[in-house]
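Structure, as structure tokens:
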Amino acid sequence: MTFGPASLFGMLLVALVAGTAAAALDWDLEALMSRLEEKGTYRATFHQTKHLDALEEPLVLKGSLLYEPPDHLKKVVTQPHEKIYEIRGDRLTIATPEEDTRRLTITDHPLLQTFVATMRGILSGDLGALEEDYHLQLQGGPDQWSLRLRPKDSQIGEKIKRVVVRGREGSVLSVKTVEPNGDYSLLEISPDRGQ
Amino acid sequence: MGSDRPLAILVAWILGLSLLGAWTAYRMPVSSDLTLFLPQAASTQEYVLLDQLHEGVGNRIHFAAVSGADAAARAKASRTLRSRLEASQHFLRVANGTEPFQGPERDFLLRHRYLLSPEVRPARFEPESLTASLRQRLDELRAPTSLVTKDLLARDPTGELLAILKRLENPSNPQRSRGVWVSRGGEQALLLLWTRAPGTALEAQQSAQEALQKAFQEVPGSDRLRLEVTGPGVFGVEARDRIRREASRLTLLGTLGVGVLLLFLFRSARILLLTALPLATGVLAGAWAVWLSFGAVHGITLAFGITLLGVALDYPLHLLTQVAGSTPARSALSRVWPTLRLGVLTTVAAYAILATTEFRGLVQLGIFAATGLATAAATTRWALPPVCPAEKRREWPRLALGRWLRPSWVLGTVLLAAAAASVPISIWSMPEALERDLRALSPVPEAQMERFQELREQLGMPDYRHFLIVTGESRQKALEKAEDLSGSLASLVEEGRIEAYRSPVAVLPSVATQRQRQRSLPSRQRLAANLEGATRDLPFREGLFQPFLEDVHRARDQAPVRLPDLEGTFLFYRAASLLTSLPRGHSALIPLKGTEGSDPLEAAAGVTGPEVLPLELGPATDRLVYRFMGAGMSRLGIGLLVLVLVLAVGLRSSRRLLGVVTPVVLALMTTLGLLLTFGEQLTLFHVLALLLVFGIGVDYTLFFERPGPDAAYRERTLHGLVACAGSTLLVFGLLATSDIPVLHQLGLTVFLGALASFLTALTFARRLSGSAAPQGEPLIPRARS
């Protein structure tokens with residue numbers, strides 16, 4: 001804020017939109033995280049596009065997402081093929097109608113582990129967990145925020161260039177993951193009604 | 001004779017001995033390869049077994065555990081150690097749960113994937129199969145982990161590298177956390193390391209371990225972490241160091257003790273010095289004899305050889321006891337020498353027999369001991385008298401040893417009973433006591449062995465104990481036969497009749513198979529056309545698979561991979577450790593792991609032909625050790641016979657022969673009986689020790705049998721014998737207190753043996769040889785002043 005003749009106008013403006021503006025002034029990472037944390041359980045449908053250099057057209061996946069704090073995460077892909085990924089603790093099961101269910105331990109796969117930790121960190125508003133792996137940068141206000149995550153670890157950096165999360169208030173609306181070669185995946189989330 | 005001449009000779013002798021000794025110690029190569037003490041192979045199974053013990057990939061392995069601080073720090077340390085040490089000067093490979101193969105191995109496999117992948121068949125490159133492969137790739141790209149598979153998409157869309165890696169991985173993998181292997185509770189990060197040097201090369205193993213410790217200390221924050229390393233190489237180095245430390249500590253103590261004892265008995269520093277000279281000369285001569293005939297001396301030969309030469313301490317004692325009394329050296333010699341000569345000849349003959357075994361280690365020991373003893377005796381005979389202080393008379397303390405040490409009815413009965421009891425004891429417990437477990441020869445403490453097995457289990461390293469040996473006239477033929485077997489073994493695994501098997505062909509298929517795979521690769525045009533058909537309905541970018549086309553085209557006339565091509569990579573040892581050159585032909589080794597409680601060899605018996613030999617580690621090593629023991633025992637037997645023969649010639653009287661041999665045999669029987677009663681497992685070291693007891697026993701009996709012409713002389717003979725026995729009992733009694741099996745076994749056996757020999761000789765030698773004193777008269781009458 002600057003103090004001068006123009007600031008009077010500013011003060012007036014502040015007074016006009018007092019509620020929102022007050023919130024905007026306090027808007028920082030911790031505020032965002034506490035909003036996310038308040039949100040708790042997630043039920044949403046998603047629409048994901050993967051834009052890969054190797055492909056002429058993006059891969060499209062649709063389905064639903066479920067998150068229950070602290071560590072239950074479920075991604076149900078309905079299109080193009082049915083496939084269910086479910087994580088509890090560090091156990092991942094992958095189920096398809098045709099094949100046997102596969103079970104994995106996410107700690108066996110460092111990249112997967114980082115992925116899951118990131119998703120959980122965002123959905124649960126765990127600032128500490130996110131700051132352990134990323135440099136964080138928050139832009140925008142509570143109405144429309146975007147959080148950029150850049151990996152700290154160079155090994156992860158070889159695979160992920162950055163992750164950009166966009167949202168409104170305590171809701172995540174999209175997660176964009178960009179790889180160093182320009183490939184990216186955009187996960188768009190629309191909360192179920194009633195959420 | 002001028003009085004300073006002996007002194008001059010003495011000084012020259014000591015000086016020469018020290019100089020030559022120092023030069024020898026500095027220049028003589030001392031080897032530490034333990035396989036020298038293993039027998040030579042008599043069958044194909046033994047050939048393969050010894051090759052495994054010697055060169056097997058198993059003996060290069062180290063398990064490392066990092067504990068302390070937090071999980072992140074441990075994982076970081078694990079990664080740092082891997083990146084620091086993998087493919088370094090000392091280590092071939094370091095595995096910690098991150099990507100299975102990196103660096104040169106991965107490059108090599110990628111470059112040769114169309115020759116090495118088991119999936120390469122003509123149909124694999126037809127449009128239909130290509131479409132299936134590509135759809136699968138597309139599906140993987142949709143998955144959250146797509147980042148991992150994407151790198152290879154353009155080069156390897158059919159997934160050959162993964163197919164190869166899958167076959168190379170361990171059947172079961174340990175737990176992971178933060179991408180690295182951890183112990184069951186997660187408190188330790190675990191690593192597997194393979195050294196370049198085989199586990200039996202202790203010097204190289206030590207440098208590797210030091211490099212590992214150094215790399216660990218350079219890990220940031222390592223002061224809060226702890227590194228634990230275990231493995232055959234660590235055991236080897238530790239055992240060597242422990243034995244070295246313990247042996248030199250006990251030897252020092254023993255030497256001091258003997259010095260004090262001799263000083264007490266003789267009150268003369270000069271006698272002490274003169275006693276040590278023949279022994280030292282003998283040791284040097286023995287070392288040289290082995291050096292000249294083998295080009296190097298094994299550490300064990302040196303250590304045991306010196307111990308076996310301990311009896312040479314007695315030679316000068318017999319002489320000096322008389323000299324230092326009242327007799328001039330020359331006349332003392334003329335009385336002592338015939339007896340001494342006979343004792344030495346028998347002992348040298350017994351050790352010479354040892355040199356006729358097939359075990360190179362025993363041959364070395366035999367040569368060392370025989371040469372050393374002969375030299376010590378010759379030194380006593382020819383070099384010692386000129387330097388003896390003949391003109392100086394010395395009075396020793398009157399110990400009146402004869403009063404205490406004389407044959408008694410009670411002692412005789414006890415000794416006979418003990419010897420007699422040893423017969424049923426031997427028959428009863430001998431089969432059990434013949435040590436068949438190689439581990440009894442190993443000085444590795446039980447706790448360390450357990451920790452090793454625990455880490456092995458946590459790391460999911462299968463402990464293969466059953467093997468199939470496939471032989472062929474060439475390496476390629478052996479590989480081809482191993483390939484023929486793979487199909488049936490794979491179906492045994494599928495049926496659940498065996499749990500797993502490994503084969504050298506997973507790393508190195510036969511040239512025939514590789515050529516067959518090459519023939520199934522389509523031409524560039526054909527593959528391009530097939531690919532176009534396959535990708536028509538798929539979203540892959542035009543021209544994406546150009547690298548794939550190039551690689552397949554190149555693989556069509558790539559030279560097949562042979563063993564030497566793998567050199568310098570870990571893959572080489574994976575293959576080479578399972579391939580053995582036999583005297584005639586070659587063999588491929590296929591380790592099998594049975595399902596719980598089943599015998600995999602039995603399960604495999606149905607699918608193997610007559611050219612496949614089964615090998616079970618336990619029984620096979622048992623047989624080997626048994627043969628080793630058998631050789632030792634038979635040499636002991638032959639040694640006894642030779643001893644009797646030499647004595648018969650030397651004594652020229654059957655009565656005297658009986659008098660000399662009986663106490664020795666009784667002492668050996670008693671010793672054996674006592675060892676068995678104490679529950680000792682008999683090993684080769686016991687047999688070696690019994691050979692030493694042998695020499696000691698003959699020595700004692702010969703002197704007890706002919707103690708001398710008059711009372712004073714006899715008193716001195718007894719004095720000398722007490723000095724001999726006292727020093728032997730002291731040195732070996734100390735060794736017997738060691739908790740290192742080798743030292744304990746040697747010490748206990750010789751201690752008991754020397755004691756029994758002294759007592760049997762005292763009691764029976766004279767009586768039996770017909771020169772016994774009349775009833776009631778003490779063997780050695782008290783010297784009257």
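Ligands are numbered from 1 in the order shown, chains are lettered A, B, ... in the order of the structure tokens, and residues start at 1 in each chain.
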Excluding B:Val507 and residues on its chain fewer than 2 positions from it, collect all residues at most 7 Å away from it, counting only C-alpha atoms, and give them as a PDB file with N, CA and C atoms, in the first residue's frame.
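The resulting file, part_6.pdb, is shown below:
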```pdb
ATOM      1  N   PRO B 504      22.341 -69.271 -16.498  1.00  0.00           N
ATOM      2  CA  PRO B 504      23.241 -68.330 -17.170  1.00  0.00           C
ATOM      3  C   PRO B 504      22.641 -67.808 -18.475  1.00  0.00           C
ATOM      4  N   VAL B 505      21.705 -68.559 -19.076  1.00  0.00           N
ATOM      5  CA  VAL B 505      21.159 -68.122 -20.363  1.00  0.00           C
ATOM      6  C   VAL B 505      20.253 -66.902 -20.229  1.00  0.00           C
ATOM      7  N   PRO B 509      22.378 -65.941 -23.691  1.00  0.00           N
ATOM      8  CA  PRO B 509      21.810 -67.058 -24.460  1.00  0.00           C
ATOM      9  C   PRO B 509      22.895 -67.640 -25.386  1.00  0.00           C
ATOM     10  N   LEU B 571      27.103 -58.022 -15.497  1.00  0.00           N
ATOM     11  CA  LEU B 571      26.507 -59.138 -16.239  1.00  0.00           C
ATOM     12  C   LEU B 571      27.520 -60.253 -16.447  1.00  0.00           C
ATOM     13  N   ALA B 575      26.922 -64.201 -15.464  1.00  0.00           N
ATOM     14  CA  ALA B 575      27.035 -65.339 -16.380  1.00  0.00           C
ATOM     15  C   ALA B 575      28.218 -66.225 -16.006  1.00  0.00           C
TER      16      ALA B 575
END
```
List every residue of stretch 100-306 of chain B that DSSP, applied to the backbone, labels as strand (DSSP E or B), and write the result as a PyMOL selection string.
chain B and resi 176-177+180-182+189-195+225-230+297-298
Go ahead and write the residues just picked, C-alpha atoms, as a PDB file, in the first residue's frame.
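As a result, part.pdb now contains:
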```pdb
ATOM      1  CA  ARG B 176      11.273 -50.132  -0.109  1.00  0.00           C
ATOM      2  CA  SER B 177      10.842 -46.700   1.302  1.00  0.00           C
ATOM      3  CA  VAL B 180      15.449 -47.562  -1.623  1.00  0.00           C
ATOM      4  CA  TRP B 181      15.470 -50.961   0.036  1.00  0.00           C
ATOM      5  CA  VAL B 182      14.810 -50.975   3.747  1.00  0.00           C
ATOM      6  CA  ALA B 189      18.398 -48.735   4.473  1.00  0.00           C
ATOM      7  CA  LEU B 190      19.801 -51.867   2.858  1.00  0.00           C
ATOM      8  CA  LEU B 191      22.307 -52.218   0.049  1.00  0.00           C
ATOM      9  CA  LEU B 192      23.834 -55.092  -1.880  1.00  0.00           C
ATOM     10  CA  LEU B 193      27.379 -54.689  -3.104  1.00  0.00           C
ATOM     11  CA  TRP B 194      29.519 -56.931  -5.272  1.00  0.00           C
ATOM     12  CA  THR B 195      33.259 -56.500  -5.178  1.00  0.00           C
ATOM     13  CA  LEU B 225      24.351 -42.576  10.755  1.00  0.00           C
ATOM     14  CA  ARG B 226      25.831 -45.998  11.298  1.00  0.00           C
ATOM     15  CA  LEU B 227      27.025 -48.370   8.599  1.00  0.00           C
ATOM     16  CA  GLU B 228      27.046 -52.102   9.103  1.00  0.00           C
ATOM     17  CA  VAL B 229      28.673 -54.335   6.506  1.00  0.00           C
ATOM     18  CA  THR B 230      28.683 -58.097   6.351  1.00  0.00           C
ATOM     19  CA  VAL B 297      54.074 -69.198   1.483  1.00  0.00           C
ATOM     20  CA  HIS B 298      50.530 -69.328   2.704  1.00  0.00           C
TER      21      HIS B 298
END
```
Quick one: contact table of chain A to chain B, 8 Å max, nearest atom pair and distance in Å to one decimal per residue, counting only C-alpha atoms, chain and number order, as a Markdown table?
```
| residue | atom | partner | partner_atom | distance |
| --- | --- | --- | --- | --- |
| A:Lys50 | CA | B:Arg142 | CA | 7.7 |
| A:Asp53 | CA | B:Arg541 | CA | 7.8 |
| A:Ala54 | CA | B:Arg541 | CA | 5.4 |
| A:Leu55 | CA | B:Phe540 | CA | 4.4 |
| A:Glu56 | CA | B:Arg541 | CA | 4.9 |
| A:Glu57 | CA | B:Pro539 | CA | 6.2 |
| A:Leu59 | CA | B:Arg142 | CA | 7.1 |
| A:Leu61 | CA | B:Arg142 | CA | 7.7 |
| A:Thr107 | CA | B:Ser177 | CA | 4.8 |
| A:Asp108 | CA | B:Arg176 | CA | 5.0 |
| A:His109 | CA | B:Gly179 | CA | 5.6 |
| A:Pro110 | CA | B:Gly179 | CA | 4.6 |
| A:Leu111 | CA | B:Thr145 | CA | 7.6 |
| A:Leu112 | CA | B:Thr145 | CA | 6.3 |
| A:Gln113 | CA | B:Arg178 | CA | 7.4 |
| A:Lys159 | CA | B:Leu147 | CA | 6.9 |
```
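Between B:Ser503 and the residues B:Pro591, B:Gly343, B:Gly259, B:Gly487, the shortest atom-to-atom distance, using only C-alpha atoms, involves B:Pro591.
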Who sits within 12 Å of B:Ile427, only C-alpha atoms, same chain under 4 positions skipped, as a ChimeraX atom specification:
/B:420-423,431-434,672-673,676-677
What residues in stretch 136-192 of chain A get the DSSP label helix (DSSP H, G or I)? Please answer as a ChimeraX atom specification.
/A:154-157
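Going from atom CA of B:Arg706 to atom CA of B:Ala765 covers 8.7 Å.
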Selection near stretch 181-191 of chain A, 6 Å with only C-alpha atoms, sequence-local residues under 5 positions removed, as a list in words:
Ala44, Thr45, Phe46, His47, Gln48, Thr49, Lys50, His51, Leu52, Leu173, Ser174, Val175 and Lys176 of chain A
Residues as selected, N, CA and C atoms, written as a PDB file, in the first residue's frame, can you do that?
```pdb
ATOM      1  N   ALA A  44     -15.626 -35.832  -6.674  1.00  0.00           N
ATOM      2  CA  ALA A  44     -15.603 -34.987  -7.866  1.00  0.00           C
ATOM      3  C   ALA A  44     -15.552 -35.852  -9.106  1.00  0.00           C
ATOM      4  N   THR A  45     -15.937 -35.255 -10.219  1.00  0.00           N
ATOM      5  CA  THR A  45     -15.685 -35.926 -11.497  1.00  0.00           C
ATOM      6  C   THR A  45     -14.475 -35.245 -12.107  1.00  0.00           C
ATOM      7  N   PHE A  46     -13.770 -35.978 -12.934  1.00  0.00           N
ATOM      8  CA  PHE A  46     -12.596 -35.355 -13.548  1.00  0.00           C
ATOM      9  C   PHE A  46     -12.579 -35.593 -15.050  1.00  0.00           C
ATOM     10  N   HIS A  47     -11.809 -34.739 -15.680  1.00  0.00           N
ATOM     11  CA  HIS A  47     -11.606 -34.838 -17.126  1.00  0.00           C
ATOM     12  C   HIS A  47     -10.124 -34.550 -17.318  1.00  0.00           C
ATOM     13  N   GLN A  48      -9.395 -35.561 -17.794  1.00  0.00           N
ATOM     14  CA  GLN A  48      -7.945 -35.392 -17.881  1.00  0.00           C
ATOM     15  C   GLN A  48      -7.504 -35.488 -19.329  1.00  0.00           C
ATOM     16  N   THR A  49      -6.640 -34.564 -19.717  1.00  0.00           N
ATOM     17  CA  THR A  49      -6.040 -34.671 -21.059  1.00  0.00           C
ATOM     18  C   THR A  49      -4.531 -34.747 -20.905  1.00  0.00           C
ATOM     19  N   LYS A  50      -3.940 -35.673 -21.664  1.00  0.00           N
ATOM     20  CA  LYS A  50      -2.492 -35.786 -21.659  1.00  0.00           C
ATOM     21  C   LYS A  50      -1.982 -35.396 -23.036  1.00  0.00           C
ATOM     22  N   HIS A  51      -1.193 -34.337 -23.045  1.00  0.00           N
ATOM     23  CA  HIS A  51      -0.659 -33.853 -24.316  1.00  0.00           C
ATOM     24  C   HIS A  51       0.777 -34.329 -24.439  1.00  0.00           C
ATOM     25  N   LEU A  52       1.003 -35.307 -25.299  1.00  0.00           N
ATOM     26  CA  LEU A  52       2.330 -35.889 -25.411  1.00  0.00           C
ATOM     27  C   LEU A  52       2.908 -35.634 -26.790  1.00  0.00           C
ATOM     28  N   LEU A 173      -9.526 -26.923  -8.683  1.00  0.00           N
ATOM     29  CA  LEU A 173     -10.271 -27.029  -9.945  1.00  0.00           C
ATOM     30  C   LEU A 173      -9.468 -27.740 -11.024  1.00  0.00           C
ATOM     31  N   SER A 174      -8.139 -27.555 -10.997  1.00  0.00           N
ATOM     32  CA  SER A 174      -7.339 -28.253 -12.003  1.00  0.00           C
ATOM     33  C   SER A 174      -5.918 -28.462 -11.491  1.00  0.00           C
ATOM     34  N   VAL A 175      -5.297 -29.511 -12.004  1.00  0.00           N
ATOM     35  CA  VAL A 175      -3.884 -29.763 -11.705  1.00  0.00           C
ATOM     36  C   VAL A 175      -3.185 -29.995 -13.042  1.00  0.00           C
ATOM     37  N   LYS A 176      -2.203 -29.158 -13.305  1.00  0.00           N
ATOM     38  CA  LYS A 176      -1.471 -29.315 -14.553  1.00  0.00           C
ATOM     39  C   LYS A 176      -0.041 -29.740 -14.219  1.00  0.00           C
TER      40      LYS A 176
END
```
